[in-house]
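Structure file protein_36.txt (compact mmCIF, C-alpha atoms and all ligand atoms) is printed below.
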# COMPACT_ATOMS: atom_id res chain seq x y z
CA MET A 1 -8.27 24.52 -12.19
CA LYS A 2 -7.84 20.75 -12.14
CA ARG A 3 -10.61 18.87 -10.40
CA TYR A 4 -10.53 15.33 -9.05
CA THR A 5 -13.21 13.21 -7.44
CA VAL A 6 -12.26 10.82 -4.70
CA ALA A 7 -14.46 8.03 -3.37
CA LEU A 8 -14.00 8.03 0.40
CA ILE A 9 -14.51 4.73 2.14
CA LYS A 10 -14.08 5.21 5.86
CA GLY A 11 -15.04 1.69 6.92
CA ASP A 12 -14.94 0.47 10.51
CA GLY A 13 -12.99 0.91 13.76
CA ILE A 14 -10.41 3.68 13.43
CA GLY A 15 -11.26 4.04 9.68
CA PRO A 16 -13.41 7.18 10.03
CA GLU A 17 -10.90 8.89 12.36
CA ILE A 18 -7.90 8.39 10.11
CA ILE A 19 -9.70 9.20 6.86
CA ASP A 20 -10.88 12.54 8.32
CA GLU A 21 -7.25 13.49 8.93
CA ALA A 22 -6.20 12.52 5.41
CA VAL A 23 -8.97 14.73 4.01
CA LYS A 24 -7.77 17.60 6.20
CA VAL A 25 -4.28 17.29 4.73
CA LEU A 26 -5.51 16.84 1.14
CA ASP A 27 -7.62 19.99 1.46
CA ALA A 28 -4.61 21.93 2.74
CA VAL A 29 -2.33 20.92 -0.13
CA SER A 30 -4.95 21.26 -2.85
CA VAL A 31 -5.43 24.92 -1.94
CA LYS A 32 -1.66 25.44 -2.14
CA GLU A 33 -1.13 23.58 -5.40
CA GLY A 34 -4.24 24.88 -7.13
CA PHE A 35 -6.45 21.86 -7.64
CA GLU A 36 -9.77 20.83 -6.19
CA ILE A 37 -10.92 17.52 -4.78
CA THR A 38 -14.55 16.60 -4.29
CA TYR A 39 -15.35 13.61 -2.13
CA LYS A 40 -18.10 11.07 -2.36
CA GLU A 41 -18.54 8.74 0.58
CA ALA A 42 -19.32 5.06 0.12
CA LEU A 43 -20.03 2.20 2.50
CA LEU A 44 -17.90 -0.91 2.88
CA GLY A 45 -17.34 -3.63 5.46
CA GLY A 46 -19.13 -3.80 8.78
CA ALA A 47 -20.58 -0.31 8.38
CA ALA A 48 -22.16 -1.44 5.10
CA VAL A 49 -23.48 -4.66 6.68
CA ASP A 50 -25.13 -2.65 9.43
CA MET A 51 -26.76 -0.21 7.01
CA THR A 52 -27.66 -2.49 4.11
CA GLY A 53 -27.02 -6.13 5.08
CA ASP A 54 -24.34 -6.35 2.38
CA PRO A 55 -20.57 -5.76 2.97
CA ILE A 56 -20.34 -4.11 -0.44
CA PRO A 57 -23.54 -2.59 -1.81
CA ASP A 58 -23.66 -2.08 -5.62
CA GLU A 59 -23.68 1.66 -5.04
CA THR A 60 -20.20 1.46 -3.51
CA ILE A 61 -18.78 -0.14 -6.64
CA GLU A 62 -20.52 2.49 -8.78
CA ILE A 63 -19.14 5.35 -6.68
CA ALA A 64 -15.64 3.81 -6.69
CA LYS A 65 -15.67 3.32 -10.47
CA SER A 66 -16.97 6.78 -11.23
CA ALA A 67 -14.33 8.48 -9.05
CA ASP A 68 -10.75 9.26 -10.09
CA ALA A 69 -9.43 7.29 -7.11
CA VAL A 70 -10.55 5.55 -3.94
CA LEU A 71 -9.19 6.46 -0.51
CA PHE A 72 -9.94 3.75 2.00
CA GLY A 73 -9.54 3.48 5.80
CA ALA A 74 -9.99 -0.05 7.14
CA ILE A 75 -12.74 -2.57 7.73
CA GLY A 76 -13.64 -5.35 10.13
CA GLY A 77 -14.05 -5.95 13.82
CA PRO A 78 -15.32 -8.51 16.34
CA LYS A 79 -18.92 -7.42 15.82
CA TRP A 80 -18.93 -8.99 12.35
CA ASP A 81 -16.56 -11.94 12.92
CA ASP A 82 -19.26 -14.59 13.20
CA LEU A 83 -21.14 -13.72 10.03
CA PRO A 84 -21.15 -16.19 7.12
CA ARG A 85 -18.24 -15.67 4.70
CA ASP A 86 -20.26 -13.82 2.04
CA LYS A 87 -21.41 -11.27 4.62
CA ARG A 88 -18.05 -10.66 6.23
CA PRO A 89 -16.33 -7.27 5.88
CA GLU A 90 -13.23 -8.75 4.13
CA THR A 91 -15.45 -10.20 1.42
CA GLY A 92 -16.49 -6.65 0.62
CA LEU A 93 -12.89 -5.50 0.27
CA LEU A 94 -11.90 -8.45 -1.92
CA LYS A 95 -14.88 -7.77 -4.18
CA LEU A 96 -13.94 -4.11 -4.43
CA ARG A 97 -10.35 -4.95 -5.44
CA LYS A 98 -11.65 -7.36 -8.05
CA ALA A 99 -14.22 -4.89 -9.41
CA LEU A 100 -11.50 -2.25 -9.79
CA GLU A 101 -9.15 -4.75 -11.50
CA VAL A 102 -6.21 -3.63 -9.44
CA PHE A 103 -3.34 -5.94 -10.31
CA ALA A 104 -0.41 -4.10 -8.74
CA ASN A 105 0.06 -3.67 -5.01
CA LEU A 106 2.52 -0.96 -4.04
CA ARG A 107 3.98 -0.88 -0.56
CA PRO A 108 6.60 1.73 0.13
CA VAL A 109 8.73 1.42 3.24
CA THR A 110 10.32 4.60 4.50
CA VAL A 111 12.35 4.55 7.65
CA TYR A 112 12.12 7.98 9.26
CA ASP A 113 15.40 9.08 10.88
CA GLU A 114 13.59 10.07 14.07
CA LEU A 115 12.12 6.59 14.45
CA VAL A 116 15.10 4.37 13.68
CA ASN A 117 14.86 3.06 17.24
CA ALA A 118 11.30 1.82 16.68
CA SER A 119 12.61 -1.00 14.50
CA THR A 120 13.79 -4.34 15.85
CA LEU A 121 16.82 -4.04 13.57
CA LYS A 122 19.94 -2.05 14.37
CA PRO A 123 19.65 1.66 13.52
CA GLU A 124 22.76 1.56 11.30
CA VAL A 125 21.16 -1.20 9.19
CA ILE A 126 17.85 0.51 8.55
CA LYS A 127 18.70 4.23 8.63
CA GLY A 128 18.03 5.70 5.20
CA THR A 129 15.91 2.77 3.96
CA ASP A 130 13.46 3.89 1.29
CA LEU A 131 12.07 1.09 -0.86
CA MET A 132 8.90 0.05 -2.61
CA VAL A 133 7.57 -3.48 -3.01
CA VAL A 134 5.53 -3.89 -6.22
CA ARG A 135 3.57 -7.11 -5.88
CA GLU A 136 1.41 -8.78 -8.54
CA LEU A 137 -1.96 -9.08 -6.86
CA ILE A 138 -4.48 -11.02 -8.89
CA GLY A 139 -2.52 -13.88 -10.51
CA GLY A 140 -0.01 -16.56 -9.57
CA ILE A 141 -0.54 -19.47 -7.20
CA TYR A 142 -3.37 -17.85 -5.22
CA PHE A 143 -5.60 -17.93 -8.28
CA GLY A 144 -4.09 -20.58 -10.61
CA GLN A 145 -6.15 -23.53 -11.86
CA PRO A 146 -6.33 -26.42 -11.32
CA ARG A 147 -6.47 -26.43 -7.56
CA ALA A 148 -7.98 -29.02 -5.24
CA TYR A 149 -8.07 -30.53 -1.77
CA GLU A 150 -8.53 -34.25 -2.32
CA GLU A 151 -8.70 -37.29 -0.09
CA ASP A 152 -4.95 -37.81 0.38
CA ARG A 153 -3.37 -34.89 -1.46
CA ALA A 154 -3.92 -31.23 -2.30
CA TYR A 155 -2.44 -28.98 -4.97
CA ASN A 156 -2.31 -25.47 -6.38
CA THR A 157 -0.97 -24.16 -9.65
CA MET A 158 1.45 -21.30 -10.07
CA VAL A 159 0.80 -19.83 -13.47
CA TYR A 160 1.63 -16.49 -15.08
CA THR A 161 0.99 -15.42 -18.66
CA LYS A 162 3.49 -13.20 -20.43
CA GLU A 163 0.89 -10.45 -20.50
CA GLU A 164 0.34 -10.60 -16.73
CA VAL A 165 4.07 -10.29 -16.12
CA ARG A 166 4.49 -7.56 -18.71
CA ARG A 167 1.85 -5.26 -17.21
CA ILE A 168 3.14 -5.52 -13.63
CA ALA A 169 6.74 -5.14 -14.82
CA LYS A 170 5.83 -1.96 -16.71
CA LYS A 171 4.26 -0.53 -13.55
CA ALA A 172 7.42 -1.32 -11.57
CA PHE A 173 9.67 0.36 -14.14
CA GLU A 174 7.39 3.42 -14.34
CA ILE A 175 7.52 3.71 -10.56
CA ALA A 176 11.31 3.29 -10.57
CA MET A 177 11.52 6.20 -13.05
CA LYS A 178 9.82 8.38 -10.41
CA ARG A 179 12.16 7.08 -7.70
CA ASN A 180 15.81 6.01 -7.77
CA LYS A 181 15.74 4.11 -11.07
CA LYS A 182 16.55 0.62 -9.86
CA VAL A 183 14.37 -2.51 -10.07
CA THR A 184 15.15 -5.76 -8.28
CA SER A 185 12.98 -8.50 -9.77
CA VAL A 186 12.48 -11.36 -7.31
CA ASP A 187 11.73 -14.92 -8.44
CA LYS A 188 12.77 -18.54 -8.03
CA ALA A 189 14.01 -19.08 -11.58
CA ASN A 190 16.55 -21.72 -10.52
CA VAL A 191 13.66 -24.08 -9.68
CA LEU A 192 10.41 -22.87 -11.26
CA GLU A 193 9.57 -22.59 -14.98
CA VAL A 194 7.00 -19.93 -14.17
CA SER A 195 9.81 -17.86 -12.64
CA GLN A 196 11.98 -18.36 -15.73
CA LEU A 197 9.18 -16.88 -17.83
CA TRP A 198 8.83 -14.06 -15.28
CA ARG A 199 12.56 -13.33 -15.58
CA ASP A 200 12.53 -13.40 -19.41
CA VAL A 201 9.58 -11.03 -19.66
CA VAL A 202 10.94 -8.62 -17.04
CA SER A 203 14.27 -8.48 -18.91
CA GLU A 204 12.38 -7.75 -22.13
CA VAL A 205 10.38 -4.91 -20.52
CA ALA A 206 13.59 -3.49 -19.02
CA ARG A 207 14.82 -2.68 -22.54
CA GLU A 208 12.06 -0.05 -22.79
CA TYR A 209 13.51 1.70 -19.72
CA PRO A 210 17.22 2.10 -20.41
CA GLU A 211 17.64 4.57 -17.52
CA VAL A 212 16.54 1.96 -14.99
CA THR A 213 19.00 -0.62 -13.68
CA LEU A 214 17.53 -4.12 -13.45
CA GLU A 215 18.81 -6.90 -11.24
CA HIS A 216 17.32 -10.35 -10.65
CA MET A 217 17.36 -11.96 -7.23
CA TYR A 218 16.13 -15.32 -5.93
CA VAL A 219 13.40 -14.98 -3.35
CA ASP A 220 15.30 -16.76 -0.57
CA ASN A 221 18.22 -14.38 -1.03
CA ALA A 222 15.85 -11.38 -1.19
CA ALA A 223 14.30 -12.35 2.16
CA MET A 224 17.80 -12.41 3.63
CA GLN A 225 19.01 -9.20 1.96
CA LEU A 226 15.96 -7.29 3.23
CA VAL A 227 17.10 -7.65 6.82
CA ARG A 228 20.83 -7.67 6.06
CA ASP A 229 21.02 -4.49 3.99
CA PRO A 230 17.61 -3.01 3.07
CA LYS A 231 19.21 0.20 1.75
CA GLN A 232 20.37 -1.65 -1.39
CA PHE A 233 16.76 -1.76 -2.69
CA ASP A 234 14.73 0.81 -4.56
CA VAL A 235 11.83 -1.02 -6.29
CA ILE A 236 11.31 -4.72 -5.57
CA LEU A 237 9.16 -6.32 -8.28
CA THR A 238 7.66 -9.71 -7.53
CA GLY A 239 4.74 -12.10 -7.96
CA ASN A 240 1.78 -12.66 -5.70
CA ILE A 241 2.97 -15.21 -3.12
CA PHE A 242 6.58 -13.98 -2.87
CA GLY A 243 5.28 -10.41 -2.65
CA ASP A 244 2.83 -11.30 0.09
CA ILE A 245 5.64 -12.58 2.27
CA LEU A 246 8.31 -10.02 1.35
CA SER A 247 6.00 -7.02 1.73
CA ASP A 248 5.14 -8.05 5.28
CA GLU A 249 8.80 -8.61 6.05
CA ALA A 250 9.68 -5.22 4.55
CA SER A 251 6.89 -3.46 6.45
CA MET A 252 8.43 -4.45 9.74
CA LEU A 253 11.68 -2.63 8.94
CA SER A 254 10.04 0.63 9.97
CA GLY A 255 8.79 -0.81 13.24
CA SER A 256 5.36 0.75 13.26
CA ILE A 257 2.25 -0.40 11.50
CA GLY A 258 0.65 3.03 11.87
CA LEU A 259 3.12 4.61 9.43
CA LEU A 260 2.85 2.50 6.31
CA PRO A 261 0.73 3.36 3.29
CA SER A 262 -0.16 1.25 0.27
CA ALA A 263 -1.78 1.46 -3.11
CA SER A 264 -3.42 -1.08 -5.34
CA ILE A 265 -3.52 0.06 -8.91
CA GLY A 266 -4.62 -1.22 -12.30
CA GLU A 267 -4.78 0.26 -15.81
CA ARG A 268 -7.55 2.59 -14.77
CA TYR A 269 -8.44 2.54 -11.09
CA GLY A 270 -6.47 3.01 -7.90
CA LEU A 271 -7.26 2.10 -4.31
CA TYR A 272 -5.17 3.83 -1.63
CA GLU A 273 -5.14 2.54 1.94
CA PRO A 274 -2.97 2.11 5.05
CA ILE A 275 -1.57 -1.39 5.49
CA HIS A 276 -3.01 -1.76 8.98
CA GLY A 277 -6.49 -2.92 9.89
CA SER A 278 -9.37 -1.26 11.72
CA ALA A 279 -7.71 -1.54 15.17
CA PRO A 280 -10.98 -2.05 17.08
CA ASP A 281 -8.98 -2.09 20.34
CA ILE A 282 -8.26 1.64 20.05
CA ALA A 283 -11.20 2.87 17.94
CA GLY A 284 -12.97 6.02 19.06
CA GLN A 285 -10.26 7.03 21.52
CA GLY A 286 -8.49 9.59 19.37
CA ILE A 287 -5.15 7.79 19.68
CA ALA A 288 -4.83 6.10 16.25
CA ASN A 289 -1.86 7.16 14.17
CA PRO A 290 -3.19 8.80 10.98
CA ILE A 291 0.20 8.92 9.21
CA ALA A 292 -0.23 5.70 7.18
CA THR A 293 -3.50 7.02 5.77
CA ILE A 294 -2.13 10.51 5.14
CA ALA A 295 0.85 8.95 3.34
CA SER A 296 -1.61 6.83 1.31
CA ALA A 297 -3.33 10.05 0.25
CA ALA A 298 0.09 11.36 -0.85
CA MET A 299 0.57 8.21 -2.96
CA MET A 300 -2.81 8.87 -4.55
CA LEU A 301 -1.73 12.38 -5.53
CA LYS A 302 1.55 11.11 -6.94
CA TYR A 303 0.58 7.92 -8.74
CA GLN A 304 -3.04 8.56 -9.70
CA PHE A 305 -3.18 12.29 -10.34
CA GLY A 306 0.46 13.07 -11.15
CA GLU A 307 0.39 15.86 -8.51
CA GLU A 308 3.97 15.21 -7.47
CA LYS A 309 4.57 18.56 -5.81
CA ALA A 310 1.52 18.19 -3.60
CA ALA A 311 2.55 14.63 -2.70
CA LYS A 312 6.01 15.85 -1.78
CA ARG A 313 4.52 18.53 0.45
CA ILE A 314 2.72 15.82 2.39
CA ASP A 315 5.73 13.52 2.64
CA GLU A 316 7.91 16.40 3.85
CA ALA A 317 5.23 17.53 6.32
CA ILE A 318 5.09 14.04 7.85
CA LYS A 319 8.88 14.08 8.25
CA GLN A 320 8.73 17.54 9.78
CA ALA A 321 6.05 16.55 12.31
CA LEU A 322 8.13 13.56 13.39
CA LYS A 323 11.29 15.65 13.50
CA GLU A 324 9.61 18.18 15.78
CA GLY A 325 8.84 15.34 18.17
CA TYR A 326 5.08 15.03 17.70
CA ARG A 327 3.98 11.45 18.30
CA THR A 328 0.68 9.64 18.56
CA LYS A 329 0.43 7.21 21.46
CA ASP A 330 1.76 4.19 19.53
CA LEU A 331 5.11 5.97 19.12
CA ALA A 332 5.14 7.83 22.43
CA SER A 333 8.21 5.99 23.68
CA PHE A 334 10.36 7.05 20.71
CA ASP A 335 11.78 10.51 21.41
CA ALA A 336 8.38 12.16 21.83
CA LYS A 337 8.43 15.86 22.71
CA GLU A 338 4.65 15.96 22.70
CA VAL A 339 2.09 13.16 22.53
CA VAL A 340 -0.81 14.27 20.36
CA THR A 341 -4.23 12.95 19.38
CA THR A 342 -5.17 11.61 15.95
CA SER A 343 -6.81 14.89 15.06
CA GLU A 344 -3.95 17.04 16.36
CA MET A 345 -1.47 15.04 14.30
CA GLY A 346 -3.64 15.59 11.19
CA SER A 347 -3.78 19.34 11.86
CA ILE A 348 -0.01 19.59 12.43
CA ILE A 349 0.76 17.76 9.18
CA ALA A 350 -1.83 19.83 7.29
CA GLN A 351 -0.26 23.01 8.61
CA TYR A 352 3.32 21.98 7.72
CA ALA A 353 2.12 20.82 4.30
CA SER A 354 0.75 24.25 3.52
CA GLU A 355 3.79 26.11 4.87
CA LEU A 356 6.53 24.15 3.07
P1 LIG F 401 -4.82 -4.19 13.06
O1 LIG F 401 -3.84 -3.72 12.05
O2 LIG F 401 -6.16 -3.58 13.02
O3 LIG F 401 -4.21 -3.96 14.53
C1 LIG F 401 -3.03 -4.58 14.99
C2 LIG F 401 -2.45 -3.78 16.18
O4 LIG F 401 -1.90 -2.56 15.67
C3 LIG F 401 -3.50 -3.35 17.19
O5 LIG F 401 -2.95 -3.38 18.47
C4 LIG F 401 -3.85 -1.93 16.81
O6 LIG F 401 -4.29 -1.14 17.88
C5 LIG F 401 -2.51 -1.44 16.25
N1 LIG F 401 -2.75 -0.44 15.19
C6 LIG F 401 -3.19 -0.67 13.93
N2 LIG F 401 -3.28 0.48 13.24
C7 LIG F 401 -2.89 1.45 14.08
C8 LIG F 401 -2.78 2.86 13.96
N3 LIG F 401 -3.08 3.49 12.82
N4 LIG F 401 -2.36 3.56 15.03
C9 LIG F 401 -2.00 2.95 16.18
N5 LIG F 401 -2.10 1.62 16.35
C10 LIG F 401 -2.53 0.87 15.31
O7 LIG F 401 -4.91 -5.77 12.88
P2 LIG F 401 -5.82 -6.83 13.64
O8 LIG F 401 -5.96 -6.45 15.08
O9 LIG F 401 -5.28 -8.13 13.28
O10 LIG F 401 -7.25 -6.71 12.95
C11 LIG F 401 -8.31 -5.91 13.45
C12 LIG F 401 -9.44 -5.93 12.42
O11 LIG F 401 -8.99 -5.32 11.23
C13 LIG F 401 -9.88 -7.34 12.04
O12 LIG F 401 -11.29 -7.33 11.91
C14 LIG F 401 -9.22 -7.57 10.70
O13 LIG F 401 -9.95 -8.47 9.90
C15 LIG F 401 -9.24 -6.18 10.12
N6 LIG F 401 -8.22 -5.93 9.09
C16 LIG F 401 -8.60 -5.11 8.08
C17 LIG F 401 -7.69 -4.76 7.11
C18 LIG F 401 -8.13 -3.82 6.04
O14 LIG F 401 -9.18 -3.20 6.19
N7 LIG F 401 -7.38 -3.65 4.97
C19 LIG F 401 -6.37 -5.24 7.18
C20 LIG F 401 -6.00 -6.05 8.26
C21 LIG F 401 -6.93 -6.38 9.22

For this file, write the structure as structure tokens.
Ligand code: NAD
Amino acid sequence: MKRYTVALIKGDGIGPEIIDEAVKVLDAVSVKEGFEITYKEALLGGAAVDMTGDPIPDETIEIAKSADAVLFGAIGGPKWDDLPRDKRPETGLLKLRKALEVFANLRPVTVYDELVNASTLKPEVIKGTDLMVVRELIGGIYFGQPRAYEEDRAYNTMVYTKEEVRRIAKKAFEIAMKRNKKVTSVDKANVLEVSQLWRDVVSEVAREYPEVTLEHMYVDNAAMQLVRDPKQFDVILTGNIFGDILSDEASMLSGSIGLLPSASIGERYGLYEPIHGSAPDIAGQGIANPIATIASAAMMLKYQFGEEKAAKRIDEAIKQALKEGYRTKDLASFDAKEVVTTSEMGSIIAQYASEL
């Protein structure tokens, strides 16, 4: 029997509630698909500050690195907002991402048929949307040198090496092979040399994946196309700053923050987490939507462990739960037949996932 170890980082706010539901669902599918997951909990964020004085104790990095993957809830909250920067919860998360050398951020956007009305866009525009933004996470203008804030000017540097582009492009093409075999590479090659290099390297990598169709698109056009006709996209491959903006734009197509998973992956490690934060306003009330975290666990099975059948069980179970009209409070006004708690939603999805 295949065995995996998962570092569980529950974090703060609704983090513990939503992670518990993801574990429930993972346990249900692992029994069905014949593998075993053992969990090791680690502290991060405010919870870690409270216990150890440090938002990311060394032990957390050790646990994360020794596991096959990390499943993470969310961190932060008003209790820790006034701490100095090096003690703040976000510092812990940034350090974890760096320690795991995760250079690719994956954000899928699935628009569920039952929730087409939750979007601000017209149902006929978004119905059937199923895309993935693959964003380069640790290079580009956010990290480029030189950078400075001087007396009467400030500057940053957008720099990519061929190797940095190659490795993220390969990830995007590998993901496209598991999806609908189309990559849209987004850049600003009409103005920026760094984008011209990006385009050249992506085209070179594309030759290794003849089954995948590659198209190039300027970022301004991509921003427009995402709201005009999001169905045209399968995998959107882009750099750090463009990806930051486009992935937030794309996430709003589905209309609910509680539904969207993400993954940050590198050559070796993978960190799987919902895109939302710790929602301190609703923590401890049993009303958080666990679907984003459960879908993140499905991504972990698919992209980290290659357990595609188990991942599909989860994705289908989420669809089934929504189709049957089960809604957590955040989605109660969208065709709910029954409003359920966080834990009930987890149990319903776990049950469907083992029946399918
Ligand atoms: P947030 O995503 O936590 O919440 C925004 C709004 O969405 C809130 O009204 C919240 O109740 C709602 N919401 C979020 N997730 C939900 C879910 N699963 N189900 C139902 N409703 C949900 O963003 P925020 O309020 O800007 O930040 C709160 C805290 O989270 C801050 O401390 C922030 O720094 C932190 N944060 C952490 C992460 C992370 O851990 N990756 C990401 C973003 C924000």

Show me which residues sit within 7 Å of ligand LIG 401 (chain F) when counting all atoms listed in the file, and put them as a PDB file with C-alpha atoms, in the frame of the given file.
ATOM      1  CA  GLY A  73      -9.540   3.480   5.800  1.00  0.00           C
ATOM      2  CA  ALA A  74      -9.990  -0.050   7.140  1.00  0.00           C
ATOM      3  CA  ILE A  75     -12.740  -2.570   7.730  1.00  0.00           C
ATOM      4  CA  GLY A  76     -13.640  -5.350  10.130  1.00  0.00           C
ATOM      5  CA  GLY A  77     -14.050  -5.950  13.820  1.00  0.00           C
ATOM      6  CA  PRO A  78     -15.320  -8.510  16.340  1.00  0.00           C
ATOM      7  CA  GLU A  90     -13.230  -8.750   4.130  1.00  0.00           C
ATOM      8  CA  ILE A 257       2.250  -0.400  11.500  1.00  0.00           C
ATOM      9  CA  GLY A 258       0.650   3.030  11.870  1.00  0.00           C
ATOM     10  CA  ILE A 275      -1.570  -1.390   5.490  1.00  0.00           C
ATOM     11  CA  HIS A 276      -3.010  -1.760   8.980  1.00  0.00           C
ATOM     12  CA  GLY A 277      -6.490  -2.920   9.890  1.00  0.00           C
ATOM     13  CA  SER A 278      -9.370  -1.260  11.720  1.00  0.00           C
ATOM     14  CA  ALA A 279      -7.710  -1.540  15.170  1.00  0.00           C
ATOM     15  CA  PRO A 280     -10.980  -2.050  17.080  1.00  0.00           C
ATOM     16  CA  ASP A 281      -8.980  -2.090  20.340  1.00  0.00           C
ATOM     17  CA  ILE A 282      -8.260   1.640  20.050  1.00  0.00           C
ATOM     18  CA  ILE A 287      -5.150   7.790  19.680  1.00  0.00           C
ATOM     19  CA  ALA A 288      -4.830   6.100  16.250  1.00  0.00           C
ATOM     20  CA  ASN A 289      -1.860   7.160  14.170  1.00  0.00           C
ATOM     21  CA  PRO A 290      -3.190   8.800  10.980  1.00  0.00           C
ATOM     22  CA  ALA A 292      -0.230   5.700   7.180  1.00  0.00           C
ATOM     23  CA  ASP A 330       1.760   4.190  19.530  1.00  0.00           C
TER      24      ASP A 330
END

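Minimum distance to Lys309 in chain A across A:Lys32, A:Lys182, A:Lys127, A:Arg107 (counting only C-alpha atoms) occurs at A:Lys32.
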
Distance table requested - range 82-107 of chain A against range 129-146 of chain A, cut-off 10 Å, all atoms listed in the file: one row per qualifying residue with the closest atom pair and its distance in Å to one decimal, ordered by chain and rising residue number, as CSV.
residue,atom,partner,partner_atom,distance
A:Arg97,CA,A:Ile138,CA,9.1
A:Lys98,CA,A:Ile138,CA,8.1
A:Glu101,CA,A:Ile138,CA,8.2
A:Val102,CA,A:Leu137,CA,7.4
A:Phe103,CA,A:Leu137,CA,4.9
A:Ala104,CA,A:Glu136,CA,5.0
A:Asn105,CA,A:Arg135,CA,5.0
A:Leu106,CA,A:Val134,CA,4.7
A:Arg107,CA,A:Val133,CA,5.1

Residue contacts of Tyr269 in chain A (9 Å, only C-alpha atoms) excluding same-chain residues fewer than 6 positions away, as number ranges by chain: A: 64-65, 67-70, 100-102, 304

Polymer residues at most 12 Å from Arg207 in chain A, all atoms listed in the file, same-chain spacing of 6 or more positions, as number ranges by chain: A: 169-170, 173, 200-201, 213-214

Selected residue, from A:Glu36, A:Ser296, A:Gly284, A:Tyr160, that lies nearest to Ser262 in chain A when counting all atoms listed in the file: A:Ser296

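For the pair CA of Asn190 in chain A and CA of Ala148 in chain A, the separation is 26.1 Å.
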
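CA of Ile245 in chain A is found 13.3 Å from CA of Val227 in chain A.
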
Neighbour list for Lys79 in chain A as number ranges by chain, cut-off 12 Å, all atoms listed in the file, skip fewer than 2 positions in-chain: A: 12-13, 45-47, 49-50, 75-77, 81-83, 88-89, 280

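Closest to Leu96 in chain A among A:Pro57, A:Pro16, A:Gly128, A:Gly34 is A:Pro57, based on only C-alpha atoms.
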
Atomic distance CA of Glu164 in chain A - CA of Gly243 in chain A, expressed in Å with one decimal: 14.9 Å

Proximity to Ala176 in chain A - best of A:Glu308, A:Glu17, A:Glu151, A:Glu211, all atoms listed in the file: A:Glu211

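For the residues A:Ala332, A:Ile175, A:Phe305, A:Lys162, ranking by smallest atom-to-atom distance to Ser203 in chain A using only C-alpha atoms places A:Lys162 first.
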
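The nearest approach to Ser347 in chain A among the residues A:Ala118, A:Leu259, A:Tyr326, A:Ala172, with all atoms listed in the file taken into account, belongs to A:Tyr326.
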
Nearby residues (only C-alpha atoms) at most 10 Å from Ile291 in chain A, same-chain spacing under 2 positions excluded, as a ChimeraX atom specification: /A:18,21-22,257-261,274,288-289,293-297,315,318,328,342,345-346,349
